[in-house]
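Asks: input13.pdb is reproduced in full below (PDB, C-alpha atoms).
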ATOM      1  CA  MET O   1     140.176 110.478 182.331
ATOM      2  CA  HIS O   2     143.481 110.566 184.225
ATOM      3  CA  THR O   3     141.672 111.728 187.387
ATOM      4  CA  GLU O   4     139.313 108.743 187.147
ATOM      5  CA  GLN O   5     142.276 106.330 187.026
ATOM      6  CA  SER O   6     143.839 108.077 190.017
ATOM      7  CA  GLU O   7     140.616 107.658 191.981
ATOM      8  CA  GLU O   8     140.475 103.970 191.064
ATOM      9  CA  GLY O   9     144.123 103.549 192.009
ATOM     10  CA  GLN O  10     143.509 105.328 195.314
ATOM     11  CA  ALA O  11     140.507 103.096 196.063
ATOM     12  CA  LEU O  12     142.585  99.987 195.292
ATOM     13  CA  ARG O  13     145.363 101.248 197.576
ATOM     14  CA  LEU O  14     142.909 101.840 200.438
ATOM     15  CA  ARG O  15     141.430  98.356 200.055
ATOM     16  CA  LEU O  16     144.937  96.853 199.928
ATOM     17  CA  VAL O  17     145.949  98.701 203.108
ATOM     18  CA  ARG O  18     142.735  97.513 204.781
ATOM     19  CA  ALA O  19     143.359  93.906 203.708
ATOM     20  CA  ILE O  20     146.980  93.964 204.883
ATOM     21  CA  GLY O  21     145.873  95.337 208.238
ATOM     22  CA  ALA O  22     148.477  94.850 210.956
ATOM     23  CA  ARG O  23     150.476  92.231 209.058
ATOM     24  CA  PRO O  24     154.153  93.206 208.809
ATOM     25  CA  PHE O  25     155.144  94.244 205.294
ATOM     26  CA  ALA O  26     157.999  91.726 205.355
ATOM     27  CA  HIS O  27     155.575  88.841 206.016
ATOM     28  CA  VAL O  28     153.211  89.959 203.261
ATOM     29  CA  GLY O  29     156.136  90.366 200.895
ATOM     30  CA  GLN O  30     157.457  86.904 201.678
ATOM     31  CA  ALA O  31     154.021  85.350 201.091
ATOM     32  CA  CYS O  32     153.673  87.205 197.786
ATOM     33  CA  GLY O  33     157.201  86.895 196.393
ATOM     34  CA  VAL O  34     158.290  90.520 196.826
ATOM     35  CA  SER O  35     160.237  92.467 199.412
ATOM     36  CA  GLY O  36     158.657  94.140 202.394
ATOM     37  CA  GLU O  37     159.816  97.451 200.935
ATOM     38  CA  THR O  38     157.832  96.755 197.768
ATOM     39  CA  VAL O  39     154.709  96.100 199.864
ATOM     40  CA  ARG O  40     155.334  99.358 201.720
ATOM     41  CA  ARG O  41     155.568 101.236 198.397
ATOM     42  CA  TYR O  42     152.291  99.658 197.232
ATOM     43  CA  CYS O  43     150.616 100.816 200.441
ATOM     44  CA  ALA O  44     152.063 104.293 199.920
ATOM     45  CA  GLY O  45     150.558 104.595 196.448
ATOM     46  CA  ALA O  46     152.733 102.742 193.908
ATOM     47  CA  MET O  47     150.632 100.602 191.560
ATOM     48  CA  PRO O  48     150.973  96.916 192.533
ATOM     49  CA  SER O  49     151.708  94.351 189.848
ATOM     50  CA  ALA O  50     148.998  91.940 188.752
ATOM     51  CA  GLN O  51     151.174  89.056 189.944
ATOM     52  CA  PHE O  52     151.461  90.557 193.433
ATOM     53  CA  LEU O  53     147.703  91.126 193.637
ATOM     54  CA  MET O  54     146.993  87.553 192.544
ATOM     55  CA  ARG O  55     149.454  86.109 195.057
ATOM     56  CA  PHE O  56     148.129  88.363 197.814
ATOM     57  CA  CYS O  57     144.544  87.271 197.207
ATOM     58  CA  LEU O  58     145.537  83.605 197.204
ATOM     59  CA  ALA O  59     147.853  83.815 200.223
ATOM     60  CA  TYR O  60     145.361  85.644 202.439
ATOM     61  CA  GLU O  61     142.092  84.356 200.928
ATOM     62  CA  ILE O  62     141.029  87.826 199.803
ATOM     63  CA  ASN O  63     138.167  88.202 197.324
ATOM     64  CA  ALA O  64     139.826  89.612 194.183
ATOM     65  CA  ASN O  65     136.550  91.259 193.078
ATOM     66  CA  TRP O  66     136.533  93.195 196.330
ATOM     67  CA  LEU O  67     140.223  94.108 196.205
ATOM     68  CA  LEU O  68     140.248  95.218 192.576
ATOM     69  CA  LEU O  69     136.720  96.554 192.099
ATOM     70  CA  GLY O  70     135.239  97.053 195.544
ATOM     71  CA  ILE O  71     132.518  94.493 194.780
ATOM     72  CA  GLY O  72     131.433  91.963 197.402
ATOM     73  CA  ASP O  73     133.006  91.038 200.722
ATOM     74  CA  PRO O  74     136.749  91.193 201.417
ATOM     75  CA  SER O  75     137.019  87.596 202.590
ATOM     76  CA  MET O  76     136.855  84.576 200.298
ATOM     77  CA  GLY O  77     135.156  82.775 203.195
ATOM     78  CA  SER O  78     132.214  85.160 202.854
ATOM     79  CA  LEU O  79     132.125  84.537 199.118
ATOM     80  CA  VAL O  80     132.157  80.766 199.595
ATOM     81  CA  ALA O  81     129.435  80.924 202.249
ATOM     82  CA  SER O  82     127.287  83.140 200.042
ATOM     83  CA  SER O  83     127.754  80.812 197.065
ATOM     84  CA  ALA O  84     126.910  77.792 199.201
ATOM     85  CA  ARG O  85     123.638  79.386 200.311
ATOM     86  CA  GLN O  86     122.693  80.125 196.704
ATOM     87  CA  VAL O  87     123.497  76.643 195.398
ATOM     88  CA  GLY O  88     121.677  74.555 197.972
ATOM     89  CA  SER O  89     122.665  71.637 200.134
ATOM     90  CA  GLU O  90     121.831  68.845 197.672
ATOM     91  CA  VAL O  91     124.203  70.213 195.051
ATOM     92  CA  LEU O  92     126.932  70.738 197.662
ATOM     93  CA  ILE O  93     126.562  67.193 198.979
ATOM     94  CA  ASP O  94     126.704  65.753 195.448
ATOM     95  CA  GLU O  95     129.855  67.769 194.696
ATOM     96  CA  LEU O  96     131.452  66.741 197.987
ATOM     97  CA  ALA O  97     130.708  63.071 197.254
ATOM     98  CA  ARG O  98     132.167  63.403 193.749
ATOM     99  CA  ARG O  99     135.377  64.985 195.059
ATOM    100  CA  LEU O 100     135.736  62.431 197.848
ATOM    101  CA  LYS O 101     135.391  59.616 195.311
ATOM    102  CA  GLN O 102     138.045  61.241 193.095
ATOM    103  CA  THR O 103     140.384  61.553 196.079
ATOM    104  CA  LEU O 104     139.763  57.963 197.141
ATOM    105  CA  ASP O 105     140.330  56.682 193.594
ATOM    106  CA  LEU O 106     143.560  58.656 193.363
ATOM    107  CA  THR O 107     144.891  57.470 196.722
ATOM    108  CA  GLN O 108     144.056  53.854 195.920
ATOM    109  CA  SER O 109     145.868  54.108 192.609
ATOM    110  CA  VAL O 110     149.078  55.322 194.260
ATOM    111  CA  ALA O 111     148.859  53.393 197.555
ATOM    112  CA  PRO O 112     151.065  50.366 198.176
ATOM    113  CA  SER O 113     149.335  47.009 198.080
ATOM    114  CA  GLY O 114     147.155  46.780 201.101
ATOM    115  CA  GLY O 115     145.849  50.297 200.566
ATOM    116  CA  ILE O 116     145.697  53.318 202.773
ATOM    117  CA  GLY O 117     144.268  52.882 206.217
ATOM    118  CA  ARG O 118     144.527  49.117 206.276
ATOM    119  CA  ALA O 119     146.452  47.912 209.248
ATOM    120  CA  ARG O 120     149.155  45.340 208.773
ATOM    121  CA  PRO O 121     148.783  42.352 211.062
ATOM    122  CA  ILE O 122     150.878  42.645 214.174
ATOM    123  CA  PRO O 123     153.006  39.549 214.706
ATOM    124  CA  GLU O 124     152.093  37.766 217.895
ATOM    125  CA  ARG O 125     154.773  37.510 220.537
ATOM    126  CA  GLU O 126     155.916  34.105 221.552
ATOM    127  CA  ALA O 127     155.717  33.206 225.207
ATOM    128  CA  THR O 128     159.118  33.748 226.841
ATOM    129  CA  ASP O 129     158.765  32.509 230.403
ATOM    130  CA  GLY O 130     158.154  36.086 231.682
ATOM    131  CA  VAL O 131     161.397  37.501 230.173
ATOM    132  CA  GLU O 132     160.987  40.343 227.723
TER     133      GLU O 132
END
Please express what this file holds, its structure, as structure tokens.

Replies:
Amino acid sequence: MHTEQSEEGQALRLRLVRAIGARPFAHVGQACGVSGETVRRYCAGAMPSAQFLMRFCLAYEINANWLLLGIGDPSMGSLVASSARQVGSEVLIDELARRLKQTLDLTQSVAPSGGIGRARPIPEREATDGVE
């Protein structure tokens, strides 16, 4: 059983190293709330914390199923595109319209009187005999 966990840990480490790619450890660490040295240790085989893995996936749009389990594509963009194809355009358009309405309702509720995007009238200049 211990060997199986080591193999899983090794597979996770290899996927993490692949996902980090050429990014400097210090930059990854800063994005994930740890030091660059901690990222280096994770890449060398130390078991990363769940919090680091979550932050890493969010910061770099990595598919957590791929990183943790090796299932699916590494990029969240691929996951979103795949989901969009499965759902269909009508459902996506309805959801987009619903979210736009929510955003508009929210912005109108917090906007100053006059609303967002409404131009204030520009006062007209008075004629000044050519002197500005």

Asks: List every protein, DNA or RNA residue that has an atom no more than 12 Å from (136.8, 89.2, 200.0) in the file's coordinate frame, counting all atoms listed in the file, and report them as a PyMOL selection string.

Replies: chain O and resi 15-16+18-19+56-58+60-82

Asks: Considering only C-alpha atoms, return as a list in words whatever protein or nucleic-acid residues lie within 8 Å of Arg13 in chain O, sequence-local ones (same chain, fewer than 5 positions apart) excluded.

Replies: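 Final neighbour list, sorted by chain and number: Tyr42, Cys43, Ala44 and Gly45 of chain O.
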
Asks: Have a look at CA of Ala26 in chain O and CA of Arg40 in chain O and let me know their distance in Å, one decimal.

Replies: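 Distance reported for this atom pair: 8.9 Å.
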
Asks: Any idea what the distance is between CA of Val34 in chain O and CA of Ala11 in chain O?

Replies: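 Those two atoms sit 21.8 Å apart.
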
Asks: What's the separation between CA of Arg55 in chain O and CA of Cys32 in chain O, in Å to one decimal place?

Replies: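 Going from CA of Arg55 in chain O over to CA of Cys32 in chain O, I get 5.1 Å.
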
Asks: Can you spell out as a PyMOL selection string the set of residues that the PyMOL selection byres ((chain O and resi 33) around 12) selects in the structure I just provided?

Replies: chain O and resi 25-32+34-39+49+51-56+59
